[in-house]
Amino acid sequence: MGQKELRNNVITAIYSVRMQEESHVSFEYKDILSDIFSCPWDEIPLFARELYVVSISHSDEAEKKFDEKLTRWKFSRLNKVLQAILIVAYSERNVISDTDRRVVINESVEYSKIYGDAKDYKLVNSVLDKVLN
């Protein structure tokens, strides 16, 4: 499984976390990623586990950075899929920092074209260009 697929699974997991948190349902963070990968936590590739944990632990920081750069929008008003895409991109580039900035932006734009509305990719491209190191 390549990094692109691993990243996609982490985005799906972060989306699930945000939905669970909004609905105030109790859940175990590890279980969400394990369910997506259909295997125990210890068998999930390290890159995916690290990106997932970092995305959860830095989500508040990411939201603040995005709020600073979004014009006429608040991060909390974005749909949960876009929130997940942006949080994972921020975490991968600004916290883990080992993936090229252009790769993170381009893949995030691709995900927003697949999972978002028709013009969401423009917002993703613009805001990531301003926020990512």
# chains A, B, ... in the order shown; residues from 1 in each chain; ligands from 1

call {"tool": "residues_around", "arguments": {"residues": "Thr12 of chain A", "least_positions_apart": "3", "cutoff": "12 Å", "atoms": "only C-alpha atoms", "output": "list of chain:residue names"}}
result
A:Glu5, A:Leu6, A:Arg7, A:Asn8, A:Asn9, A:Tyr15, A:Ser16, A:Val17, A:Arg18, A:Met19, A:Ile32, A:Leu33, A:Ser34, A:Asp35, A:Ile36, A:Phe37, A:Ala48, A:Tyr52, A:Ser55, A:Lys80, A:Val81, A:Leu82, A:Gln83, A:Ala84, A:Ile85, A:Ile87, A:Val88, A:Tyr111, A:Tyr115

call {"tool": "write_last_selection", "arguments": {"atoms": "N, CA and C atoms", "output": "mmCIF file, in the first residue's frame"}}
result
data_model
loop_
_atom_site.group_PDB
_atom_site.id
_atom_site.type_symbol
_atom_site.label_atom_id
_atom_site.label_comp_id
_atom_site.auth_asym_id
_atom_site.auth_seq_id
_atom_site.Cartn_x
_atom_site.Cartn_y
_atom_site.Cartn_z
ATOM 1 N N GLU A 5 -2.467 5.976 -0.801
ATOM 2 C CA GLU A 5 -3.586 5.206 -0.261
ATOM 3 C C GLU A 5 -3.628 5.293 1.269
ATOM 4 N N LEU A 6 -2.453 5.265 1.894
ATOM 5 C CA LEU A 6 -2.396 5.406 3.353
ATOM 6 C C LEU A 6 -2.960 6.759 3.772
ATOM 7 N N ARG A 7 -2.559 7.799 3.065
ATOM 8 C CA ARG A 7 -3.032 9.158 3.347
ATOM 9 C C ARG A 7 -4.543 9.242 3.178
ATOM 10 N N ASN A 8 -5.053 8.626 2.132
ATOM 11 C CA ASN A 8 -6.493 8.620 1.892
ATOM 12 C C ASN A 8 -7.235 7.958 3.055
ATOM 13 N N ASN A 9 -6.695 6.855 3.551
ATOM 14 C CA ASN A 9 -7.312 6.178 4.690
ATOM 15 C C ASN A 9 -7.267 7.040 5.947
ATOM 16 N N TYR A 15 -12.041 12.234 9.125
ATOM 17 C CA TYR A 15 -13.432 12.587 8.856
ATOM 18 C C TYR A 15 -14.355 11.865 9.852
ATOM 19 N N SER A 16 -14.124 10.584 10.048
ATOM 20 C CA SER A 16 -14.937 9.805 10.990
ATOM 21 C C SER A 16 -14.809 10.338 12.410
ATOM 22 N N VAL A 17 -13.600 10.683 12.808
ATOM 23 C CA VAL A 17 -13.387 11.252 14.148
ATOM 24 C C VAL A 17 -14.188 12.529 14.306
ATOM 25 N N ARG A 18 -14.127 13.412 13.327
ATOM 26 C CA ARG A 18 -14.837 14.688 13.426
ATOM 27 C C ARG A 18 -16.347 14.473 13.478
ATOM 28 N N MET A 19 -16.843 13.507 12.744
ATOM 29 C CA MET A 19 -18.275 13.197 12.789
ATOM 30 C C MET A 19 -18.661 12.625 14.153
ATOM 31 N N ILE A 32 -11.098 3.490 15.168
ATOM 32 C CA ILE A 32 -11.524 4.075 13.894
ATOM 33 C C ILE A 32 -10.524 3.733 12.795
ATOM 34 N N LEU A 33 -9.240 3.949 13.061
ATOM 35 C CA LEU A 33 -8.236 3.643 12.041
ATOM 36 C C LEU A 33 -8.124 2.138 11.808
ATOM 37 N N SER A 34 -8.218 1.365 12.858
ATOM 38 C CA SER A 34 -8.177 -0.099 12.709
ATOM 39 C C SER A 34 -9.332 -0.600 11.854
ATOM 40 N N ASP A 35 -10.517 -0.034 12.038
ATOM 41 C CA ASP A 35 -11.671 -0.440 11.237
ATOM 42 C C ASP A 35 -11.469 -0.100 9.758
ATOM 43 N N ILE A 36 -10.897 1.056 9.486
ATOM 44 C CA ILE A 36 -10.674 1.464 8.098
ATOM 45 C C ILE A 36 -9.649 0.555 7.421
ATOM 46 N N PHE A 37 -8.612 0.199 8.159
ATOM 47 C CA PHE A 37 -7.581 -0.691 7.608
ATOM 48 C C PHE A 37 -7.956 -2.169 7.740
ATOM 49 N N ALA A 48 0.904 5.719 8.443
ATOM 50 C CA ALA A 48 -0.517 6.011 8.651
ATOM 51 C C ALA A 48 -0.823 6.254 10.125
ATOM 52 N N TYR A 52 -2.058 9.872 11.515
ATOM 53 C CA TYR A 52 -3.351 9.895 12.208
ATOM 54 C C TYR A 52 -3.226 10.520 13.598
ATOM 55 N N SER A 55 -2.363 14.189 13.332
ATOM 56 C CA SER A 55 -3.524 14.960 12.864
ATOM 57 C C SER A 55 -4.523 15.210 13.985
ATOM 58 N N LYS A 80 -17.052 18.639 6.756
ATOM 59 C CA LYS A 80 -16.132 17.771 7.507
ATOM 60 C C LYS A 80 -15.088 17.101 6.618
ATOM 61 N N VAL A 81 -15.437 16.830 5.375
ATOM 62 C CA VAL A 81 -14.465 16.218 4.464
ATOM 63 C C VAL A 81 -13.326 17.194 4.196
ATOM 64 N N LEU A 82 -13.655 18.446 3.897
ATOM 65 C CA LEU A 82 -12.603 19.442 3.669
ATOM 66 C C LEU A 82 -11.781 19.664 4.930
ATOM 67 N N GLN A 83 -12.440 19.687 6.071
ATOM 68 C CA GLN A 83 -11.701 19.829 7.325
ATOM 69 C C GLN A 83 -10.680 18.706 7.470
ATOM 70 N N ALA A 84 -11.100 17.486 7.195
ATOM 71 C CA ALA A 84 -10.193 16.337 7.324
ATOM 72 C C ALA A 84 -9.026 16.447 6.346
ATOM 73 N N ILE A 85 -9.305 16.809 5.109
ATOM 74 C CA ILE A 85 -8.252 16.962 4.105
ATOM 75 C C ILE A 85 -7.240 18.013 4.555
ATOM 76 N N ILE A 87 -6.667 19.264 7.640
ATOM 77 C CA ILE A 87 -5.956 18.891 8.873
ATOM 78 C C ILE A 87 -4.842 17.890 8.577
ATOM 79 N N VAL A 88 -5.138 16.908 7.760
ATOM 80 C CA VAL A 88 -4.126 15.906 7.429
ATOM 81 C C VAL A 88 -2.980 16.549 6.642
ATOM 82 N N TYR A 111 -7.865 15.012 -3.636
ATOM 83 C CA TYR A 111 -8.878 14.486 -2.710
ATOM 84 C C TYR A 111 -10.104 15.384 -2.681
ATOM 85 N N TYR A 115 -13.844 14.124 -3.254
ATOM 86 C CA TYR A 115 -14.777 14.086 -2.127
ATOM 87 C C TYR A 115 -15.552 15.379 -1.894
#

call {"tool": "residues_around", "arguments": {"residues": "Arg93 of chain A", "least_positions_apart": "6", "cutoff": "8 Å", "atoms": "only C-alpha atoms", "output": "list in words"}}
result
Thr99, Asp100, Arg101, Val104, Leu132 and Asn133 of chain A

call {"tool": "residues_around", "arguments": {"residues": "Val124 of chain A", "least_positions_apart": "5", "cutoff": "9 Å", "atoms": "only C-alpha atoms", "output": "PyMOL selection string"}}
result
chain A and resi 82+85-86+105+108-109+112+129

call {"tool": "write_last_selection", "arguments": {"atoms": "N, CA and C atoms", "output": "PDB file, in the first residue's frame"}}
result
ATOM      1  N   LEU A  82     -13.655  18.446   3.897  1.00  0.00           N
ATOM      2  CA  LEU A  82     -12.603  19.442   3.669  1.00  0.00           C
ATOM      3  C   LEU A  82     -11.781  19.664   4.930  1.00  0.00           C
ATOM      4  N   ILE A  85      -9.305  16.809   5.109  1.00  0.00           N
ATOM      5  CA  ILE A  85      -8.252  16.962   4.105  1.00  0.00           C
ATOM      6  C   ILE A  85      -7.240  18.013   4.555  1.00  0.00           C
ATOM      7  N   LEU A  86      -7.731  19.146   5.022  1.00  0.00           N
ATOM      8  CA  LEU A  86      -6.845  20.240   5.426  1.00  0.00           C
ATOM      9  C   LEU A  86      -6.036  19.892   6.673  1.00  0.00           C
ATOM     10  N   ILE A 105       0.070  19.559  -1.306  1.00  0.00           N
ATOM     11  CA  ILE A 105      -0.970  20.417  -1.886  1.00  0.00           C
ATOM     12  C   ILE A 105      -1.664  19.705  -3.043  1.00  0.00           C
ATOM     13  N   SER A 108      -3.886  16.884  -1.871  1.00  0.00           N
ATOM     14  CA  SER A 108      -5.057  17.435  -1.169  1.00  0.00           C
ATOM     15  C   SER A 108      -6.071  17.989  -2.164  1.00  0.00           C
ATOM     16  N   VAL A 109      -5.586  18.638  -3.204  1.00  0.00           N
ATOM     17  CA  VAL A 109      -6.469  19.137  -4.257  1.00  0.00           C
ATOM     18  C   VAL A 109      -7.170  17.962  -4.945  1.00  0.00           C
ATOM     19  N   SER A 112      -9.893  16.702  -2.711  1.00  0.00           N
ATOM     20  CA  SER A 112     -11.044  17.618  -2.661  1.00  0.00           C
ATOM     21  C   SER A 112     -11.863  17.543  -3.944  1.00  0.00           C
ATOM     22  N   ASP A 129      -1.703  26.753   0.187  1.00  0.00           N
ATOM     23  CA  ASP A 129      -0.578  27.553  -0.309  1.00  0.00           C
ATOM     24  C   ASP A 129      -0.163  28.617   0.709  1.00  0.00           C
TER      25      ASP A 129
END

call {"tool": "select_by_dssp", "arguments": {"residues": "chain A", "states": "alpha helix (DSSP H)", "output": "MDAnalysis selection string"}}
result
chainID A and resid 3:23 29:37 46:57 59:69 80:90 101:115 120:131

call {"tool": "atom_distance", "arguments": {"atom1": "atom CA of Cys39 of chain A", "atom2": "atom CA of Gln20 of chain A"}}
result
20.4 Å

call {"tool": "closest_residue", "arguments": {"among": "A:Leu70, A:Ile56, A:Ala13, A:Ile44", "to": "Leu123 of chain A", "atoms": "only C-alpha atoms"}}
result
A:Leu70
